[in-house]
>>> print(open('upload19.txt').read())   # compact mmCIF, C-alpha atoms
# COMPACT_ATOMS: atom_id res chain seq x y z
CA MET O 1 45.03 59.95 9.08
CA ASN O 2 41.47 60.41 7.90
CA LEU O 3 39.88 59.61 11.22
CA ASN O 4 37.53 62.28 12.55
CA PHE O 5 38.75 62.79 16.12
CA LYS O 6 35.25 63.81 17.25
CA LYS O 7 34.07 60.30 16.43
CA GLN O 8 36.89 58.88 18.52
CA LYS O 9 35.66 60.83 21.53
CA LYS O 10 32.64 58.51 21.52
CA LEU O 11 34.92 55.63 22.46
CA SER O 12 34.94 54.68 26.15
CA VAL O 13 37.97 52.89 27.56
CA LEU O 14 38.05 50.03 30.06
CA ILE O 15 41.20 48.52 31.57
CA LEU O 16 40.71 45.11 33.15
CA CYS O 17 42.60 44.99 36.47
CA GLY O 18 40.76 42.39 38.51
CA GLY O 19 42.66 39.11 38.17
CA LYS O 20 44.79 37.47 40.85
CA GLY O 21 47.91 37.03 38.70
CA LYS O 22 48.71 33.64 40.25
CA ARG O 23 51.42 32.81 37.70
CA LEU O 24 53.39 35.84 38.89
CA ARG O 25 53.55 34.69 42.52
CA PRO O 26 55.22 35.63 44.82
CA LEU O 27 55.26 39.10 43.23
CA THR O 28 51.45 39.26 43.26
CA LYS O 29 51.07 38.07 46.83
CA ASP O 30 50.90 41.68 48.00
CA LEU O 31 50.23 43.53 44.73
CA PRO O 32 47.70 43.24 41.90
CA LYS O 33 49.46 42.38 38.65
CA PRO O 34 48.82 45.76 36.92
CA LEU O 35 50.80 47.46 39.71
CA ILE O 36 53.89 45.30 39.24
CA LYS O 37 56.71 47.56 38.09
CA ILE O 38 58.75 47.19 34.93
CA ARG O 39 61.86 49.12 35.88
CA LYS O 40 60.49 52.24 37.60
CA LYS O 41 56.87 52.34 36.49
CA GLU O 42 53.79 50.16 36.98
CA ILE O 43 52.40 48.17 34.04
CA LEU O 44 49.16 50.12 34.45
CA GLY O 45 51.09 53.38 34.15
CA TYR O 46 52.52 52.43 30.77
CA ILE O 47 49.05 51.49 29.50
CA ILE O 48 47.52 54.80 30.62
CA ASP O 49 50.43 56.82 29.17
CA HIS O 50 49.79 55.10 25.84
CA LEU O 51 46.07 55.93 26.00
CA LYS O 52 46.78 59.56 26.88
CA ILE O 53 48.80 60.03 23.68
CA TYR O 54 45.54 59.49 21.77
CA GLY O 55 43.53 61.84 23.95
CA TYR O 56 41.92 59.25 26.20
CA ASN O 57 41.79 60.87 29.63
CA GLU O 58 38.49 59.35 30.79
CA ILE O 59 39.20 55.77 31.72
CA LEU O 60 37.20 53.05 33.47
CA ILE O 61 39.04 50.54 35.63
CA ALA O 62 37.44 47.21 36.58
CA SER O 63 39.32 46.13 39.69
CA GLY O 64 38.97 43.03 41.85
CA TYR O 65 42.01 41.50 43.54
CA LYS O 66 43.66 44.06 45.88
CA HIS O 67 41.05 46.67 44.91
CA LYS O 68 42.18 49.10 47.62
CA LEU O 69 45.69 49.23 46.17
CA ILE O 70 44.32 50.06 42.70
CA ASN O 71 42.30 52.87 44.29
CA LYS O 72 45.33 54.11 46.20
CA PHE O 73 47.39 54.15 43.00
CA PHE O 74 44.96 56.57 41.39
CA SER O 75 44.78 58.77 44.47
CA ASN O 76 48.49 59.46 43.91
CA ASN O 77 48.77 59.23 40.13
CA TYR O 78 46.99 60.50 37.01
CA ARG O 79 44.94 63.03 38.93
CA GLU O 80 44.69 65.05 35.70
CA CYS O 81 42.61 62.21 34.21
CA LYS O 82 39.02 61.24 34.93
CA ILE O 83 39.51 57.74 36.28
CA LYS O 84 36.60 55.73 37.63
CA VAL O 85 37.42 52.51 39.48
CA ILE O 86 34.61 49.96 39.70
CA GLU O 87 35.13 47.16 42.21
CA THR O 88 34.25 43.61 41.18
CA SER O 89 34.92 40.30 42.87
CA PRO O 90 38.45 38.85 42.49
CA ASN O 91 36.77 35.63 41.34
CA ASP O 92 34.59 37.26 38.69
CA ASP O 93 35.00 36.34 35.05
CA ILE O 94 35.92 39.14 32.63
CA ILE O 95 32.33 39.17 31.40
CA LYS O 96 31.17 40.31 34.86
CA ARG O 97 33.71 43.13 34.87
CA ILE O 98 32.44 44.35 31.50
CA GLN O 99 28.84 44.17 32.68
CA SER O 100 29.74 46.25 35.75
CA ILE O 101 30.67 49.29 33.63
CA VAL O 102 27.92 49.21 30.98
CA SER O 103 26.05 52.16 32.48
CA PHE O 104 29.16 54.36 32.16
CA ILE O 105 30.00 53.83 28.48
CA LYS O 106 29.22 56.19 25.60
CA GLU O 107 28.83 54.36 22.28
CA ASP O 108 31.75 52.04 21.59
CA LEU O 109 34.00 50.45 24.21
CA LEU O 110 37.75 49.79 23.99
CA ILE O 111 38.79 46.96 26.32
CA CYS O 112 42.45 46.71 27.35
CA TYR O 113 44.05 43.99 29.43
CA GLY O 114 45.86 45.29 32.51
CA ASP O 115 48.87 43.05 31.90
CA THR O 116 49.50 43.77 28.20
CA LEU O 117 51.57 46.43 26.48
CA ALA O 118 51.35 46.97 22.73
CA ASP O 119 52.36 49.92 20.58
CA ILE O 120 49.05 49.79 18.72
CA ASP O 121 48.14 52.95 16.82
CA LEU O 122 44.74 53.48 18.43
CA LYS O 123 43.59 55.86 15.70
CA LYS O 124 44.24 53.22 13.05
CA LEU O 125 42.52 50.58 15.18
CA TYR O 126 39.40 52.70 15.64
CA ASN O 127 39.44 53.72 11.97
CA PHE O 128 39.51 50.01 11.05
CA HIS O 129 36.56 49.40 13.38
CA ILE O 130 34.49 52.21 11.82
CA LYS O 131 35.47 51.52 8.20
CA ASN O 132 34.58 47.83 8.48
CA LYS O 133 31.32 48.57 10.31
CA CYS O 134 32.30 46.05 12.97
CA LEU O 135 30.18 45.06 15.93
CA ALA O 136 33.39 43.74 17.44
CA THR O 137 37.05 44.27 16.56
CA ILE O 138 39.65 42.06 18.25
CA SER O 139 43.32 43.00 18.01
CA SER O 140 45.52 40.02 17.23
CA TYR O 141 49.22 39.22 17.09
CA GLU O 142 51.05 36.51 15.18
CA MET O 143 52.48 33.68 17.24
CA ARG O 144 56.16 32.92 16.72
CA SER O 145 57.90 29.69 17.61
CA ASP O 146 60.48 29.74 20.39
CA PHE O 147 62.33 26.91 18.65
CA GLY O 148 63.98 26.07 15.35
CA ILE O 149 61.42 24.19 13.24
CA LEU O 150 62.44 21.19 11.10
CA LYS O 151 60.54 20.01 8.02
CA ILE O 152 61.28 16.28 7.79
CA LYS O 153 60.50 13.96 4.89
CA ASN O 154 58.43 11.06 6.22
CA GLN O 155 60.10 8.15 4.45
CA THR O 156 63.79 9.10 4.38
CA LYS O 157 63.78 11.23 7.56
CA ILE O 158 65.88 13.76 5.67
CA ILE O 159 65.52 17.31 6.94
CA GLU O 160 64.22 19.30 3.98
CA LYS O 161 64.01 22.70 5.63
CA TYR O 162 65.13 24.43 8.81
CA LEU O 163 63.39 27.58 10.07
CA GLU O 164 64.78 29.49 13.06
CA LYS O 165 61.92 30.64 15.34
CA PRO O 166 59.51 31.26 12.46
CA ALA O 167 56.20 33.12 12.45
CA LEU O 168 53.49 30.45 12.53
CA ASN O 169 50.57 32.21 10.79
CA VAL O 170 48.59 31.66 13.98
CA TRP O 171 47.08 34.83 15.46
CA PHE O 172 46.06 35.26 19.09
CA ASN O 173 43.93 37.75 21.01
CA ILE O 174 45.94 40.51 22.76
CA GLY O 175 43.06 42.63 24.01
CA TYR O 176 42.52 46.12 22.60
CA ILE O 177 39.03 44.93 21.74
CA ILE O 178 36.40 47.39 20.50
CA LEU O 179 32.73 46.55 21.02
CA LYS O 180 29.73 48.52 19.86
CA LYS O 181 27.24 49.32 22.59
CA GLU O 182 24.53 47.21 20.96
CA ILE O 183 26.68 44.08 21.14
CA ILE O 184 27.82 44.81 24.70
CA LYS O 185 24.21 44.32 25.80
CA LYS O 186 24.52 40.71 24.58
CA THR O 187 27.16 40.04 27.25
CA PHE O 188 24.41 39.59 29.83
CA LYS O 189 23.43 36.34 28.09
CA PHE O 190 26.81 34.77 28.82
CA LYS O 191 28.60 33.55 31.94
CA THR O 192 32.13 33.76 30.51
CA PHE O 193 33.98 36.13 28.21
CA GLU O 194 35.34 33.11 26.34
CA ASN O 195 31.83 31.98 25.41
CA PHE O 196 30.90 35.52 24.39
CA LEU O 197 33.90 35.69 22.04
CA LYS O 198 33.00 32.27 20.61
CA TYR O 199 29.47 33.56 19.98
CA LEU O 200 30.84 36.57 18.10
CA VAL O 201 33.06 34.36 15.95
CA LYS O 202 30.40 31.73 15.29
CA ASN O 203 27.97 34.39 14.09
CA LYS O 204 30.63 36.24 12.06
CA LEU O 205 30.19 39.40 14.14
CA ALA O 206 33.88 40.03 14.79
CA LYS O 207 36.83 41.10 12.66
CA SER O 208 40.51 41.07 13.49
CA TYR O 209 42.87 44.02 13.49
CA LYS O 210 46.30 42.47 12.95
CA HIS O 211 48.93 44.25 15.02
CA ARG O 212 52.43 43.83 13.60
CA GLY O 213 54.36 46.06 15.99
CA LEU O 214 55.54 45.35 19.51
CA HIS O 215 53.53 43.24 21.96
CA ILE O 216 54.36 42.36 25.57
CA THR O 217 52.15 40.25 27.85
CA ILE O 218 53.26 39.80 31.47
CA ASN O 219 51.88 36.56 32.91
CA THR O 220 55.03 35.00 34.36
CA VAL O 221 58.32 36.07 35.94
CA LYS O 222 60.09 35.05 32.71
CA GLN O 223 57.80 37.32 30.68
CA LEU O 224 58.40 40.14 33.17
CA ASP O 225 62.16 39.81 32.65
CA HIS O 226 61.60 39.82 28.89
CA ALA O 227 59.44 42.95 29.22
CA LYS O 228 62.29 44.78 30.97
CA LYS O 229 64.52 44.12 27.96
CA LEU O 230 61.91 45.39 25.50
CA LEU O 231 60.76 48.38 27.52
CA SER O 232 63.03 50.99 25.94
CA VAL O 233 61.93 49.85 22.48
CA PHE O 234 58.28 50.05 23.54
CA GLU O 235 58.64 53.57 24.94
CA LYS O 236 60.48 54.77 21.83
CA LYS O 237 57.84 53.37 19.49
CA ILE O 238 55.01 54.85 21.56
CA LYS O 239 56.61 58.30 21.47
CA THR O 240 56.79 58.23 17.67
CA ASN O 241 52.96 58.23 17.66
CA GLU O 242 52.70 61.46 19.68
>>> encode(input="upload19.txt", output="structure tokens")
Amino acid sequence: MNLNFKKQKKLSVLILCGGKGKRLRPLTKDLPKPLIKIRKKEILGYIIDHLKIYGYNEILIASGYKHKLINKFFSNNYRECKIKVIETSPNDDIIKRIQSIVSFIKEDLLICYGDTLADIDLKKLYNFHIKNKCLATISSYEMRSDFGILKIKNQTKIIEKYLEKPALNVWFNIGYIILKKEIIKKTFKFKTFENFLKYLVKNKLAKSYKHRGLHITINTVKQLDHAKKLLSVFEKKIKTNE
């Protein structure tokens, strides 16, 4: 790859770990969602292992719900890394968590969700961000139907085409968002991360990096079970990037 690694060192990393994970109850009654285990390791552990492959050993954590447990996790794990945990309110919007770490960032900021695994090549992502001179780069993934889709002729009701769980050409945000420092300052004008993203899109300040590899988001017990099935594939694909 043509990416100058020295440039990449200017990228700060933030993992969002503050939400309550209500859709994963009762598992999140006593644990924050990023500390839920997939097999023998916490979700947060897989994310950090992925980051370490690309040389990211200085990581910011915006905690909230069960903050003390996040802190305890890092007192026992990843002591070779420079991890800074910043406590925010469990009820804070993502925008507040980003604002809480502004004073610690270098130039650009990579934002990762604490419940999402993706085998994104972070060098290619950052190269895309630099090459396209983006103020904001949002990683996206193509939505796929869970059902067989029928194309039906209106008048005769004849089925003209059947597609089994097709890709829908609809792309959704999976995190792994890179923001330039100058645009991060704009976050203080917004009360929600959603409105900030809408502002970026409305003003054509954001571009999408389309990820076509593996993506796992863990919001529900069903998704957690699915993640367990995909885990070996995820680990294998991550190791190929070492």
>>> residues_around(input="upload19.txt", residues="Leu60 in chain O", least_positions_apart="2", cutoff="9 Å", atoms="all atoms listed in the file", output="list in words")
Ser12, Val13, Leu14, Ile15, Leu16, Glu58, Ala62, Lys82, Ile83, Lys84, Val85, Ile86, Ile101, Phe104 and Ile105 of chain O
>>> residues_around(input="upload19.txt", residues="Ala167 in chain O", least_positions_apart="2", cutoff="7 Å", atoms="only C-alpha atoms", output="CSV table (one decimal) with C-alpha atoms, in the coordinates of the input")
chain,number,residue,atom,x,y,z
O,142,GLU,CA,51.0,36.5,15.2
O,143,MET,CA,52.5,33.7,17.2
O,144,ARG,CA,56.2,32.9,16.7
O,145,SER,CA,57.9,29.7,17.6
O,165,LYS,CA,61.9,30.6,15.3
O,169,ASN,CA,50.6,32.2,10.8
>>> closest_residue(input="upload19.txt", among="O:Asp146, O:Asp115, O:Asp121, O:Asp225", to="Gly45 in chain O", atoms="only C-alpha atoms")
O:Asp115
>>> residues_around(input="upload19.txt", residues="range 188-190 of chain O", least_positions_apart="4", cutoff="9 Å", atoms="only C-alpha atoms", output="list in words")
Ile95, Lys96, Gln99, Ile184, Asn195 and Phe196 of chain O
>>> atom_distance(input="upload19.txt", atom1="CA of Asn173 in chain O", atom2="CA of Asp119 in chain O")
14.8 Å
>>> atom_distance(input="upload19.txt", atom1="CA of Ser103 in chain O", atom2="CA of Glu182 in chain O")
12.6 Å
>>> residues_around(input="upload19.txt", residues="Lys68 in chain O", least_positions_apart="2", cutoff="12 Å", atoms="all atoms listed in the file", output="PyMOL selection string")
chain O and resi 17-18+30-32+35+63-66+70-75+85-88
>>> closest_residue(input="upload19.txt", among="O:Ile177, O:Lys20, O:Ser139, O:Lys124", to="Ser89 in chain O", atoms="all atoms listed in the file")
O:Lys20
>>> residues_near_point(input="upload19.txt", point="(40.6, 62.4, 27.1)", cutoff="12 Å", atoms="all atoms listed in the file", output="compact mmCIF listing (two decimals) with C-alpha atoms, in the frame of the given file")
# COMPACT_ATOMS: atom_id res chain seq x y z
CA PHE O 5 38.75 62.79 16.12
CA LYS O 6 35.25 63.81 17.25
CA GLN O 8 36.89 58.88 18.52
CA LYS O 9 35.66 60.83 21.53
CA LYS O 10 32.64 58.51 21.52
CA LEU O 11 34.92 55.63 22.46
CA SER O 12 34.94 54.68 26.15
CA VAL O 13 37.97 52.89 27.56
CA ILE O 48 47.52 54.80 30.62
CA ASP O 49 50.43 56.82 29.17
CA HIS O 50 49.79 55.10 25.84
CA LEU O 51 46.07 55.93 26.00
CA LYS O 52 46.78 59.56 26.88
CA ILE O 53 48.80 60.03 23.68
CA TYR O 54 45.54 59.49 21.77
CA GLY O 55 43.53 61.84 23.95
CA TYR O 56 41.92 59.25 26.20
CA ASN O 57 41.79 60.87 29.63
CA GLU O 58 38.49 59.35 30.79
CA ILE O 59 39.20 55.77 31.72
CA LEU O 60 37.20 53.05 33.47
CA TYR O 78 46.99 60.50 37.01
CA GLU O 80 44.69 65.05 35.70
CA CYS O 81 42.61 62.21 34.21
CA LYS O 82 39.02 61.24 34.93
CA ILE O 83 39.51 57.74 36.28
>>> atom_distance(input="upload19.txt", atom1="CA of Ile174 in chain O", atom2="CA of Ile120 in chain O")
10.6 Å
>>> closest_residue(input="upload19.txt", among="O:Val221, O:Trp171, O:Leu150, O:Ile43", to="Leu27 in chain O", atoms="only C-alpha atoms")
O:Val221
>>> residues_around(input="upload19.txt", residues="Gln223 in chain O", least_positions_apart="6", cutoff="12 Å", atoms="all atoms listed in the file", output="list in words")
Arg23, Leu24, Ile38, Asp115, Thr116, Leu117, His215, Ile216, Thr217, Lys229, Leu230 and Leu231 of chain O
>>> closest_residue(input="upload19.txt", among="O:Lys236, O:Lys222, O:Lys151, O:His129", to="Lys180 in chain O", atoms="all atoms listed in the file")
O:His129
>>> closest_residue(input="upload19.txt", among="O:Val102, O:Leu214, O:Ile138, O:Leu69", to="Leu200 in chain O", atoms="only C-alpha atoms")
O:Ile138
>>> closest_residue(input="upload19.txt", among="O:Tyr209, O:Asn91, O:Leu197, O:Thr220", to="Phe128 in chain O", atoms="only C-alpha atoms")
O:Tyr209
>>> residues_near_point(input="upload19.txt", point="(65.1, 18.6, 5.9)", cutoff="6 Å", atoms="all atoms listed in the file", output="number ranges by chain")
O: 151-152, 158-161
